[in-house]
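Notes follow once the structure below has been shown.
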Amino acid sequence: MMDEWSAFEQQVDGIRGMTRGRLRLSVVSTAKYFVPRLLGSFCAAFPDIDIALEVLNRDGVLRRLRDNLDDLYIMSMPPEDLELERHAFLGNPLDVVASAAHPLVGRARIALAELAPLRFILREKGSGTRLACDKHFKALGFRPDVRMELGSNEAIKQAVAASLGLGVISRHALGERPEDEHLAVLSVAGFPVQSNWWTLYRKGKKLSPVATAFLQHLEHTGERAVTSGTPTPRGW
């Protein structure tokens, strides 16, 4: 009942030419590296909007999506078993990273086969990054030697910097200067993995004016707002 009343108030405000209310957003953990910038520019344009943000692993976001608890959801690998409206708004390249002291750093177009004897540190099974990574490796006929699975990008970066293995993570998680974290992006044939970030909601759902405004904001300013701080790996 409260949700219906809030939606009604937003509709009335929309008729008056006003945009206010609350945006409820659930995002997967990797999105935390860029979503604050998107919300910052959105709130600057619509200062009367309140934000309720949930940052969870992919399974957590999927649970909220299935229960329809939020206005919008952001993830890189949408589920195939739900009827969804999907809006791609940002590229999500996945790079192979190594310790800055790794002997392969600086090499151009490293053959993927050269990485077969090396250890890999990847995200946990079920994460969007891991699903995209496994799909890409399978398409290339490559089986990485996965010695460690970790539940966060920060943990992977720390393990890779400590020379425990190679990692595959989103470029958005690297920061503006990977070298400051003792990391380097390797120029590996077949990489980066090209994927996208998606804004999702259940098919047939009537979006609130606030949610509609946020979708339009992503369409017009999303890429520009995010990529202004995204690093470009050397050698590309």
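Residue numbers start at 1 in each chain; chains themselves are named A, B, ... in the order of the structure tokens; ligands are numbered from 1 in the order shown.
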Problem set entry | strand (DSSP E or B) call set, DSSP backbone run, range 119-216 of chain A, as a ChimeraX atom specification | /A:119-123,145-150,166-170,183-185,188,193,196-202
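Excluding Glu83 in chain A itself and same-chain residues fewer than 6 positions from it, the residues having an atom within 9 Å of it are Tyr201, Arg202, Lys203 and Gly204 of chain A, counting only C-alpha atoms.
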For the residues in that selection, give me C-alpha atoms as an mmCIF file, in the first residue's frame.
data_model
loop_
_atom_site.group_PDB
_atom_site.id
_atom_site.type_symbol
_atom_site.label_atom_id
_atom_site.label_comp_id
_atom_site.auth_asym_id
_atom_site.auth_seq_id
_atom_site.Cartn_x
_atom_site.Cartn_y
_atom_site.Cartn_z
ATOM 1 C CA TYR A 201 13.632 -4.917 -14.120
ATOM 2 C CA ARG A 202 10.850 -7.477 -14.433
ATOM 3 C CA LYS A 203 9.002 -7.495 -17.747
ATOM 4 C CA GLY A 204 5.579 -5.890 -17.395
#
Problem set entry | range 62-70 of chain A surroundings by only C-alpha atoms, 12 Å radius, close-in-sequence under 6 positions cut, as a PyMOL selection string | chain A and resi 3+22-28+51-56+76-85+126-128+199-208+211
Same residues, C-alpha atoms, saved as a PDB file, in the first residue's frame:
ATOM      1  CA  ASP A   3       4.593   1.566  -2.399  1.00  0.00           C
ATOM      2  CA  ARG A  22      12.940   7.485  -3.685  1.00  0.00           C
ATOM      3  CA  LEU A  23      14.976   5.299  -6.046  1.00  0.00           C
ATOM      4  CA  ARG A  24      15.526   1.739  -4.806  1.00  0.00           C
ATOM      5  CA  LEU A  25      18.512   0.151  -6.500  1.00  0.00           C
ATOM      6  CA  SER A  26      20.258  -3.212  -6.033  1.00  0.00           C
ATOM      7  CA  VAL A  27      23.671  -3.755  -7.633  1.00  0.00           C
ATOM      8  CA  VAL A  28      26.292  -6.506  -7.659  1.00  0.00           C
ATOM      9  CA  ILE A  51      18.487   6.792  -2.863  1.00  0.00           C
ATOM     10  CA  ALA A  52      18.193   3.363  -1.240  1.00  0.00           C
ATOM     11  CA  LEU A  53      21.169   1.329  -2.476  1.00  0.00           C
ATOM     12  CA  GLU A  54      21.846  -2.374  -1.843  1.00  0.00           C
ATOM     13  CA  VAL A  55      25.311  -3.733  -2.769  1.00  0.00           C
ATOM     14  CA  LEU A  56      25.277  -7.545  -2.752  1.00  0.00           C
ATOM     15  CA  SER A  76      26.805  -7.819 -15.815  1.00  0.00           C
ATOM     16  CA  MET A  77      25.304 -11.293 -16.387  1.00  0.00           C
ATOM     17  CA  PRO A  78      21.488 -11.194 -16.361  1.00  0.00           C
ATOM     18  CA  PRO A  79      19.709 -14.455 -15.515  1.00  0.00           C
ATOM     19  CA  GLU A  80      18.204 -16.397 -18.403  1.00  0.00           C
ATOM     20  CA  ASP A  81      15.277 -17.858 -16.461  1.00  0.00           C
ATOM     21  CA  LEU A  82      13.405 -14.597 -15.853  1.00  0.00           C
ATOM     22  CA  GLU A  83      11.500 -12.376 -18.278  1.00  0.00           C
ATOM     23  CA  LEU A  84      13.295  -9.064 -17.960  1.00  0.00           C
ATOM     24  CA  GLU A  85      13.574  -5.663 -19.547  1.00  0.00           C
ATOM     25  CA  GLY A 126      28.219 -17.875  -9.553  1.00  0.00           C
ATOM     26  CA  SER A 127      29.564 -14.325  -9.696  1.00  0.00           C
ATOM     27  CA  GLY A 128      28.992 -12.411 -12.913  1.00  0.00           C
ATOM     28  CA  THR A 199      20.025  -2.202 -15.854  1.00  0.00           C
ATOM     29  CA  LEU A 200      17.211  -4.706 -15.309  1.00  0.00           C
ATOM     30  CA  TYR A 201      13.632  -4.917 -14.120  1.00  0.00           C
ATOM     31  CA  ARG A 202      10.850  -7.477 -14.433  1.00  0.00           C
ATOM     32  CA  LYS A 203       9.002  -7.495 -17.747  1.00  0.00           C
ATOM     33  CA  GLY A 204       5.579  -5.890 -17.395  1.00  0.00           C
ATOM     34  CA  LYS A 205       6.596  -3.833 -14.360  1.00  0.00           C
ATOM     35  CA  LYS A 206       5.412  -0.214 -14.422  1.00  0.00           C
ATOM     36  CA  LEU A 207       8.369   1.940 -13.473  1.00  0.00           C
ATOM     37  CA  SER A 208       7.993   4.930 -11.199  1.00  0.00           C
ATOM     38  CA  ALA A 211      13.157   5.007 -11.949  1.00  0.00           C
TER      39      ALA A 211
END
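Here CA of Ile169 in chain A stands at a distance of 7.5 Å from CA of Val97 in chain A.
Once Pro103 in chain A and its same-chain neighbours fewer than 6 positions away are set aside, Ile110, Leu115, Leu118, Ser163, Leu166, Ala184 and Leu186 of chain A remain within 12 Å of it when counting only C-alpha atoms.
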Residues as selected, N, CA and C atoms, written as a PDB file, in the first residue's frame, can you do that?
ATOM      1  N   ILE A 110      50.465 -11.789 -25.746  1.00  0.00           N
ATOM      2  CA  ILE A 110      50.870 -13.071 -25.168  1.00  0.00           C
ATOM      3  C   ILE A 110      49.862 -14.147 -25.587  1.00  0.00           C
ATOM      4  N   LEU A 115      49.844 -19.217 -20.761  1.00  0.00           N
ATOM      5  CA  LEU A 115      49.356 -19.069 -19.394  1.00  0.00           C
ATOM      6  C   LEU A 115      48.914 -20.400 -18.786  1.00  0.00           C
ATOM      7  N   LEU A 118      50.461 -21.547 -15.510  1.00  0.00           N
ATOM      8  CA  LEU A 118      50.417 -20.577 -14.425  1.00  0.00           C
ATOM      9  C   LEU A 118      49.140 -20.718 -13.601  1.00  0.00           C
ATOM     10  N   SER A 163      51.881 -11.948  -5.850  1.00  0.00           N
ATOM     11  CA  SER A 163      52.456 -12.952  -6.762  1.00  0.00           C
ATOM     12  C   SER A 163      51.934 -14.362  -6.497  1.00  0.00           C
ATOM     13  N   LEU A 166      47.720 -15.254 -11.395  1.00  0.00           N
ATOM     14  CA  LEU A 166      47.111 -14.275 -12.287  1.00  0.00           C
ATOM     15  C   LEU A 166      45.633 -14.133 -11.938  1.00  0.00           C
ATOM     16  N   ALA A 184      49.588  -5.067 -12.869  1.00  0.00           N
ATOM     17  CA  ALA A 184      49.769  -4.716 -14.279  1.00  0.00           C
ATOM     18  C   ALA A 184      48.780  -5.518 -15.103  1.00  0.00           C
ATOM     19  N   LEU A 186      48.000  -7.536 -18.369  1.00  0.00           N
ATOM     20  CA  LEU A 186      48.746  -8.266 -19.395  1.00  0.00           C
ATOM     21  C   LEU A 186      48.034  -8.159 -20.740  1.00  0.00           C
TER      22      LEU A 186
END
Exercise. Where in range 29-190 of chain A does DSSP assign alpha helix (DSSP H), given as a PyMOL selection string?
Worked result: chain A and resi 35-45+58-66+128-140+153-161
